[in-house]
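> Data file protein_6.txt (compact mmCIF, N, CA and C atoms) is appended below.
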# COMPACT_ATOMS: atom_id res chain seq x y z
N MET A 1 78.29 96.43 104.92
CA MET A 1 78.92 95.28 104.32
C MET A 1 79.54 94.44 105.43
N SER A 2 79.33 93.14 105.36
CA SER A 2 79.90 92.25 106.36
C SER A 2 80.13 90.87 105.76
N THR A 3 80.93 90.09 106.47
CA THR A 3 81.16 88.71 106.11
C THR A 3 80.75 87.86 107.31
N ARG A 4 79.96 86.83 107.09
CA ARG A 4 79.52 85.95 108.16
C ARG A 4 80.42 84.72 108.22
N TYR A 5 80.89 84.44 109.42
CA TYR A 5 81.71 83.27 109.68
C TYR A 5 80.96 82.36 110.63
N PRO A 6 80.79 81.08 110.27
CA PRO A 6 80.18 80.15 111.23
C PRO A 6 81.18 79.86 112.35
N HIS A 7 80.67 79.60 113.54
CA HIS A 7 81.56 79.20 114.63
C HIS A 7 82.15 77.84 114.28
N SER A 8 83.38 77.62 114.71
CA SER A 8 84.08 76.39 114.36
C SER A 8 83.52 75.20 115.13
N PRO A 9 83.03 74.17 114.42
CA PRO A 9 82.50 72.99 115.09
C PRO A 9 83.60 72.04 115.58
N GLU A 10 84.88 72.41 115.35
CA GLU A 10 85.97 71.57 115.82
C GLU A 10 86.05 71.55 117.34
N TYR A 11 85.35 72.48 117.99
CA TYR A 11 85.34 72.59 119.44
C TYR A 11 83.92 72.40 119.94
N HIS A 12 83.81 71.96 121.20
CA HIS A 12 82.48 71.83 121.80
C HIS A 12 82.47 72.58 123.11
N PRO A 13 81.63 73.59 123.27
CA PRO A 13 80.71 74.10 122.25
C PRO A 13 81.47 74.81 121.14
N PRO A 14 80.82 75.01 119.98
CA PRO A 14 81.48 75.69 118.85
C PRO A 14 82.07 77.03 119.27
N ILE A 15 83.20 77.40 118.66
CA ILE A 15 83.97 78.56 119.08
C ILE A 15 83.97 79.64 117.99
N LEU A 16 84.04 80.90 118.42
CA LEU A 16 84.12 82.02 117.49
C LEU A 16 85.43 81.93 116.72
N ALA A 17 85.36 82.00 115.40
CA ALA A 17 86.56 81.91 114.59
C ALA A 17 86.38 82.72 113.30
N LEU A 18 87.47 83.29 112.82
CA LEU A 18 87.51 84.01 111.55
C LEU A 18 88.60 83.38 110.70
N PHE A 19 88.64 83.74 109.43
CA PHE A 19 89.74 83.32 108.58
C PHE A 19 90.60 84.53 108.28
N VAL A 20 91.92 84.36 108.45
CA VAL A 20 92.86 85.45 108.26
C VAL A 20 93.98 85.01 107.32
N GLY A 21 94.59 85.99 106.69
CA GLY A 21 95.81 85.76 105.93
C GLY A 21 96.95 86.48 106.63
N LEU A 22 98.13 85.92 106.58
CA LEU A 22 99.31 86.52 107.20
C LEU A 22 100.32 86.82 106.11
N ARG A 23 100.96 87.98 106.22
CA ARG A 23 102.03 88.29 105.28
C ARG A 23 103.05 89.19 105.96
N PRO A 24 104.26 89.21 105.44
CA PRO A 24 105.28 90.08 106.04
C PRO A 24 104.91 91.54 105.79
N PRO A 25 105.40 92.44 106.65
CA PRO A 25 105.02 93.85 106.52
C PRO A 25 105.57 94.53 105.28
N ASP A 26 106.44 93.88 104.52
CA ASP A 26 106.98 94.48 103.31
C ASP A 26 106.06 94.27 102.11
N GLY A 27 104.86 93.72 102.36
CA GLY A 27 103.89 93.53 101.28
C GLY A 27 104.09 92.25 100.51
N GLY A 28 104.81 91.31 101.07
CA GLY A 28 105.04 90.03 100.40
C GLY A 28 103.75 89.23 100.24
N GLN A 29 103.91 88.05 99.69
CA GLN A 29 102.77 87.18 99.42
C GLN A 29 102.15 86.68 100.72
N SER A 30 100.82 86.62 100.75
CA SER A 30 100.08 86.15 101.90
C SER A 30 99.98 84.63 101.89
N GLN A 31 99.95 84.04 103.09
CA GLN A 31 99.66 82.62 103.20
C GLN A 31 98.20 82.41 102.87
N SER A 32 97.83 81.18 102.58
CA SER A 32 96.42 80.89 102.37
C SER A 32 95.67 81.19 103.66
N LEU A 33 94.36 81.31 103.56
CA LEU A 33 93.57 81.68 104.72
C LEU A 33 93.68 80.63 105.82
N LEU A 34 93.80 81.11 107.05
CA LEU A 34 93.99 80.26 108.21
C LEU A 34 92.85 80.49 109.19
N LEU A 35 92.42 79.45 109.86
CA LEU A 35 91.43 79.57 110.90
C LEU A 35 92.06 80.30 112.09
N ALA A 36 91.38 81.32 112.60
CA ALA A 36 91.87 82.08 113.74
C ALA A 36 90.78 82.14 114.80
N ILE A 37 91.07 81.61 115.97
CA ILE A 37 90.11 81.61 117.07
C ILE A 37 90.09 82.98 117.71
N VAL A 38 88.90 83.52 117.95
CA VAL A 38 88.74 84.81 118.61
C VAL A 38 88.83 84.57 120.12
N ASP A 39 89.89 85.10 120.74
CA ASP A 39 90.14 84.86 122.17
C ASP A 39 90.11 86.20 122.91
N THR A 40 88.94 86.56 123.41
CA THR A 40 88.77 87.86 124.08
C THR A 40 89.53 87.94 125.40
N GLY A 41 90.03 86.83 125.91
CA GLY A 41 90.80 86.85 127.15
C GLY A 41 92.29 87.05 126.93
N ALA A 42 92.73 87.01 125.68
CA ALA A 42 94.17 87.14 125.38
C ALA A 42 94.52 88.59 125.07
N ASP A 43 95.59 89.09 125.69
CA ASP A 43 96.05 90.44 125.42
C ASP A 43 96.61 90.57 124.01
N MET A 44 97.39 89.56 123.60
CA MET A 44 98.10 89.58 122.33
C MET A 44 97.63 88.45 121.43
N THR A 45 97.86 88.62 120.14
CA THR A 45 97.57 87.58 119.16
C THR A 45 98.75 86.61 119.10
N LEU A 46 98.45 85.32 119.10
CA LEU A 46 99.47 84.28 119.00
C LEU A 46 99.38 83.64 117.63
N VAL A 47 100.54 83.44 117.01
CA VAL A 47 100.63 82.79 115.71
C VAL A 47 101.70 81.70 115.81
N PRO A 48 101.39 80.49 115.34
CA PRO A 48 102.42 79.44 115.37
C PRO A 48 103.71 79.92 114.73
N LEU A 49 104.81 79.67 115.42
CA LEU A 49 106.12 80.12 114.96
C LEU A 49 106.43 79.62 113.55
N SER A 50 106.02 78.40 113.24
CA SER A 50 106.28 77.84 111.91
C SER A 50 105.64 78.70 110.81
N MET A 51 104.47 79.26 111.07
CA MET A 51 103.80 80.13 110.09
C MET A 51 104.54 81.45 109.93
N LEU A 52 105.05 81.99 111.04
CA LEU A 52 105.80 83.24 110.98
C LEU A 52 107.11 83.06 110.22
N GLU A 53 107.76 81.93 110.44
CA GLU A 53 109.00 81.64 109.72
C GLU A 53 108.73 81.44 108.23
N GLN A 54 107.59 80.82 107.91
CA GLN A 54 107.24 80.54 106.52
C GLN A 54 107.08 81.83 105.71
N ILE A 55 106.54 82.88 106.33
CA ILE A 55 106.35 84.14 105.60
C ILE A 55 107.51 85.11 105.79
N GLY A 56 108.49 84.74 106.61
CA GLY A 56 109.65 85.60 106.83
C GLY A 56 109.34 86.83 107.66
N ALA A 57 108.47 86.70 108.66
CA ALA A 57 108.11 87.83 109.52
C ALA A 57 109.32 88.26 110.35
N PRO A 58 109.60 89.56 110.41
CA PRO A 58 110.74 90.04 111.20
C PRO A 58 110.46 89.99 112.70
N GLU A 59 111.51 89.65 113.47
CA GLU A 59 111.41 89.66 114.93
C GLU A 59 111.41 91.10 115.43
N LEU A 60 110.67 91.32 116.52
CA LEU A 60 110.62 92.66 117.12
C LEU A 60 111.27 92.71 118.49
N ASP A 61 110.78 91.88 119.41
CA ASP A 61 111.15 92.04 120.81
C ASP A 61 110.93 90.74 121.56
N GLU A 62 111.35 90.69 122.80
CA GLU A 62 111.01 89.59 123.69
C GLU A 62 110.05 90.12 124.74
N VAL A 63 109.06 89.30 125.08
CA VAL A 63 108.06 89.69 126.08
C VAL A 63 107.89 88.54 127.07
N ARG A 64 107.36 88.87 128.24
CA ARG A 64 107.01 87.86 129.23
C ARG A 64 105.51 87.65 129.15
N LEU A 65 105.10 86.39 129.05
CA LEU A 65 103.69 86.04 128.98
C LEU A 65 103.30 85.25 130.22
N ARG A 66 102.03 85.41 130.61
CA ARG A 66 101.50 84.61 131.71
C ARG A 66 100.27 83.88 131.20
N SER A 67 100.26 82.57 131.39
CA SER A 67 99.12 81.76 130.94
C SER A 67 97.96 81.93 131.90
N HIS A 68 96.82 81.41 131.51
CA HIS A 68 95.65 81.46 132.37
C HIS A 68 95.85 80.63 133.64
N TRP A 69 96.87 79.78 133.67
CA TRP A 69 97.21 78.99 134.86
C TRP A 69 98.20 79.72 135.75
N GLY A 70 98.70 80.87 135.30
CA GLY A 70 99.65 81.65 136.10
C GLY A 70 101.10 81.39 135.78
N GLU A 71 101.39 80.46 134.87
CA GLU A 71 102.78 80.18 134.47
C GLU A 71 103.30 81.34 133.62
N THR A 72 104.58 81.65 133.76
CA THR A 72 105.18 82.69 132.93
C THR A 72 106.25 82.09 132.03
N MET A 73 106.43 82.74 130.89
CA MET A 73 107.46 82.31 129.94
C MET A 73 107.88 83.51 129.10
N THR A 74 109.03 83.41 128.48
CA THR A 74 109.52 84.44 127.57
C THR A 74 109.19 84.01 126.15
N ALA A 75 108.73 84.96 125.35
CA ALA A 75 108.40 84.68 123.95
C ALA A 75 108.88 85.84 123.09
N THR A 76 108.99 85.59 121.79
CA THR A 76 109.42 86.60 120.83
C THR A 76 108.21 87.15 120.09
N THR A 77 108.22 88.45 119.87
CA THR A 77 107.15 89.07 119.07
C THR A 77 107.67 89.31 117.65
N TYR A 78 106.73 89.34 116.71
CA TYR A 78 107.03 89.50 115.29
C TYR A 78 106.08 90.55 114.72
N LEU A 79 106.45 91.11 113.59
CA LEU A 79 105.61 92.11 112.92
C LEU A 79 105.06 91.51 111.63
N ILE A 80 103.74 91.60 111.47
CA ILE A 80 103.09 91.08 110.27
C ILE A 80 102.00 92.05 109.82
N ASP A 81 101.53 91.86 108.60
CA ASP A 81 100.28 92.45 108.13
C ASP A 81 99.27 91.32 108.14
N MET A 82 98.05 91.63 108.59
CA MET A 82 97.01 90.61 108.68
C MET A 82 95.87 90.98 107.74
N GLU A 83 95.44 90.01 106.94
CA GLU A 83 94.32 90.21 106.02
C GLU A 83 93.05 89.62 106.63
N LEU A 84 91.99 90.42 106.61
CA LEU A 84 90.66 89.98 107.03
C LEU A 84 89.71 90.42 105.93
N ASP A 85 89.19 89.48 105.18
CA ASP A 85 88.41 89.79 103.98
C ASP A 85 89.27 90.63 103.06
N ALA A 86 88.76 91.76 102.61
CA ALA A 86 89.53 92.62 101.71
C ALA A 86 90.31 93.68 102.49
N ASP A 87 90.24 93.64 103.79
CA ASP A 87 90.88 94.64 104.64
C ASP A 87 92.26 94.15 105.09
N ILE A 88 93.20 95.08 105.23
CA ILE A 88 94.53 94.76 105.73
C ILE A 88 94.74 95.51 107.04
N LEU A 89 95.17 94.79 108.06
CA LEU A 89 95.62 95.43 109.30
C LEU A 89 97.13 95.48 109.22
N PRO A 90 97.71 96.66 108.97
CA PRO A 90 99.16 96.73 108.81
C PRO A 90 99.89 96.79 110.16
N GLY A 91 101.09 96.26 110.19
CA GLY A 91 101.96 96.40 111.36
C GLY A 91 101.40 95.82 112.64
N VAL A 92 100.90 94.59 112.58
CA VAL A 92 100.36 93.94 113.78
C VAL A 92 101.48 93.19 114.49
N GLU A 93 101.64 93.47 115.79
CA GLU A 93 102.62 92.75 116.59
C GLU A 93 101.97 91.48 117.12
N VAL A 94 102.61 90.35 116.86
CA VAL A 94 102.08 89.05 117.29
C VAL A 94 103.16 88.29 118.05
N VAL A 95 102.74 87.33 118.85
CA VAL A 95 103.66 86.49 119.60
C VAL A 95 103.84 85.17 118.85
N GLY A 96 105.08 84.76 118.68
CA GLY A 96 105.38 83.47 118.06
C GLY A 96 105.12 82.35 119.04
N ASP A 97 104.22 81.46 118.69
CA ASP A 97 103.82 80.34 119.55
C ASP A 97 104.61 79.10 119.15
N LEU A 98 105.49 78.65 120.05
CA LEU A 98 106.34 77.50 119.76
C LEU A 98 105.57 76.19 119.68
N HIS A 99 104.46 76.08 120.40
CA HIS A 99 103.78 74.80 120.53
C HIS A 99 102.43 74.72 119.85
N GLY A 100 101.75 75.85 119.69
CA GLY A 100 100.41 75.85 119.12
C GLY A 100 100.40 75.65 117.62
N LYS A 101 99.24 75.25 117.12
CA LYS A 101 99.07 75.05 115.67
C LYS A 101 97.95 75.92 115.12
N THR A 102 97.37 76.78 115.99
CA THR A 102 96.23 77.61 115.61
C THR A 102 96.52 79.07 115.93
N VAL A 103 96.05 79.97 115.08
CA VAL A 103 96.14 81.40 115.35
C VAL A 103 95.09 81.75 116.39
N LEU A 104 95.50 82.48 117.44
CA LEU A 104 94.57 82.99 118.45
C LEU A 104 94.55 84.50 118.34
N LEU A 105 93.41 85.06 117.96
CA LEU A 105 93.30 86.51 117.84
C LEU A 105 93.07 87.10 119.22
N GLY A 106 94.02 87.89 119.70
CA GLY A 106 93.91 88.56 120.99
C GLY A 106 93.33 89.96 120.82
N ARG A 107 93.21 90.65 121.95
CA ARG A 107 92.57 91.97 121.93
C ARG A 107 93.34 93.01 121.15
N ASN A 108 94.66 92.82 120.93
CA ASN A 108 95.39 93.79 120.12
C ASN A 108 94.87 93.82 118.67
N VAL A 109 94.22 92.75 118.22
CA VAL A 109 93.57 92.73 116.91
C VAL A 109 92.06 92.91 117.05
N ILE A 110 91.45 92.19 117.99
CA ILE A 110 89.99 92.26 118.15
C ILE A 110 89.51 93.69 118.36
N ASN A 111 90.28 94.48 119.11
CA ASN A 111 89.86 95.86 119.39
C ASN A 111 89.92 96.77 118.17
N LYS A 112 90.41 96.27 117.05
CA LYS A 112 90.42 97.03 115.80
C LYS A 112 89.27 96.62 114.88
N LEU A 113 88.47 95.66 115.33
CA LEU A 113 87.42 95.09 114.48
C LEU A 113 86.04 95.41 115.04
N LEU A 114 85.07 95.37 114.17
CA LEU A 114 83.68 95.48 114.57
C LEU A 114 83.05 94.11 114.30
N LEU A 115 82.78 93.38 115.38
CA LEU A 115 82.25 92.02 115.28
C LEU A 115 80.85 91.98 115.87
N LEU A 116 79.98 91.24 115.22
CA LEU A 116 78.64 90.99 115.73
C LEU A 116 78.55 89.48 115.97
N VAL A 117 78.48 89.10 117.24
CA VAL A 117 78.43 87.69 117.61
C VAL A 117 76.97 87.28 117.77
N ASP A 118 76.55 86.30 117.00
CA ASP A 118 75.19 85.78 117.06
C ASP A 118 75.26 84.36 117.62
N GLY A 119 75.23 84.26 118.95
CA GLY A 119 75.34 82.98 119.62
C GLY A 119 74.30 81.96 119.21
N PRO A 120 73.00 82.34 119.20
CA PRO A 120 71.98 81.36 118.83
C PRO A 120 72.16 80.80 117.41
N ARG A 121 72.69 81.59 116.50
CA ARG A 121 72.91 81.12 115.13
C ARG A 121 74.32 80.57 114.92
N LEU A 122 75.13 80.59 115.99
CA LEU A 122 76.51 80.11 115.93
C LEU A 122 77.28 80.73 114.77
N SER A 123 77.22 82.07 114.71
CA SER A 123 77.96 82.78 113.67
C SER A 123 78.47 84.11 114.20
N THR A 124 79.47 84.63 113.51
CA THR A 124 80.03 85.93 113.82
C THR A 124 80.13 86.70 112.52
N ASP A 125 79.64 87.95 112.52
CA ASP A 125 79.76 88.82 111.35
C ASP A 125 80.93 89.77 111.57
N LEU A 126 81.83 89.81 110.61
CA LEU A 126 82.91 90.80 110.60
C LEU A 126 82.39 91.96 109.77
N LEU A 127 82.13 93.08 110.42
CA LEU A 127 81.60 94.25 109.75
C LEU A 127 82.75 95.11 109.26
N VAL A 128 82.45 96.11 108.48
CA VAL A 128 83.50 97.01 107.99
C VAL A 128 84.25 97.57 109.18
N ARG A 129 85.56 97.54 109.10
CA ARG A 129 86.41 98.01 110.20
C ARG A 129 86.23 99.50 110.41
N ARG A 130 86.09 99.89 111.66
CA ARG A 130 85.95 101.30 112.00
C ARG A 130 87.32 101.98 111.90
N PRO A 131 87.32 103.27 111.53
CA PRO A 131 88.59 104.00 111.52
C PRO A 131 89.14 104.13 112.94
N SER A 132 90.44 104.30 113.05
CA SER A 132 91.08 104.44 114.36
C SER A 132 90.53 105.65 115.09
N VAL A 133 90.37 105.49 116.39
CA VAL A 133 89.93 106.59 117.25
C VAL A 133 91.17 107.24 117.81
N THR A 134 91.27 108.56 117.67
CA THR A 134 92.45 109.26 118.18
C THR A 134 92.10 110.17 119.32
How does the structure come out when it is put into structure tokens?


Amino acid sequence: MSTRYPHSPEYHPPILALFVGLRPPDGGQSQSLLLAIVDTGADMTLVPLSMLEQIGAPELDEVRLRSHWGETMTATTYLIDMELDADILPGVEVVGDLHGKTVLLGRNVINKLLLLVDGPRLSTDLLVRRPSVT
């Protein structure tokens, strides 16, 4: 079982993107589905701070981030549950993005997913999530 997502034509060349729902870890109501760019170069998932405040996500910690340009900054992490299709990723730590307007899925989420990227067809299939490896 899988869900096919077309790459987002908002970027050139088109970019890998999925739709996700965000909700607080207490099982509250999810936001409507949001476009999330798959960023294999990012360690952590970034979510616009306004979206985290909207769902009442609890703060966790402060972290130091380094951009791809080498700049560093301090940011706050939050705890959320993330919905992908009918699957829930519970207890995902995300970074609150003060300036961005798009969710960037980093490797802390990507590494929990089974994705099939079909570049020539400009699509990505989200396959059934594999169980955790211990």

> Just want the 5 Å neighbourhood of A:Arg4, counted on all atoms listed in the file, with same-chain residues fewer than 3 positions away dropped. Output as number ranges by chain.

A: 124-126

> Quick one: residues within 6 Å of stretch 16-22 of chain A, only C-alpha atoms counted, chain neighbours fewer than 4 positions away excluded, as a list in words?

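Once the nearby chain positions are removed, what remains is His7, Ser30, Gln31, Leu33, Leu34, Leu35, Ala36, Ile37, Val38, Met82, Glu83 and Leu84 of chain A.
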
> Separation of atom C of A:Thr72 and atom C of A:Gly100, in Å?

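A separation of 16.8 Å between them.
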
> Kindly give the distance, in Å, that separates atom N of A:Met51 and atom C of A:Leu113, rounded to a single decimal.

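These two atoms are separated by 24.8 Å.
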
> Point out the residue among A:Pro90, A:Gly70, A:Pro120, A:Pro48 with the least atom-to-atom distance to A:Thr102, counting all atoms listed in the file.

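Looking only at the distances to A:Thr102, the closest residue turns out to be A:Pro48.
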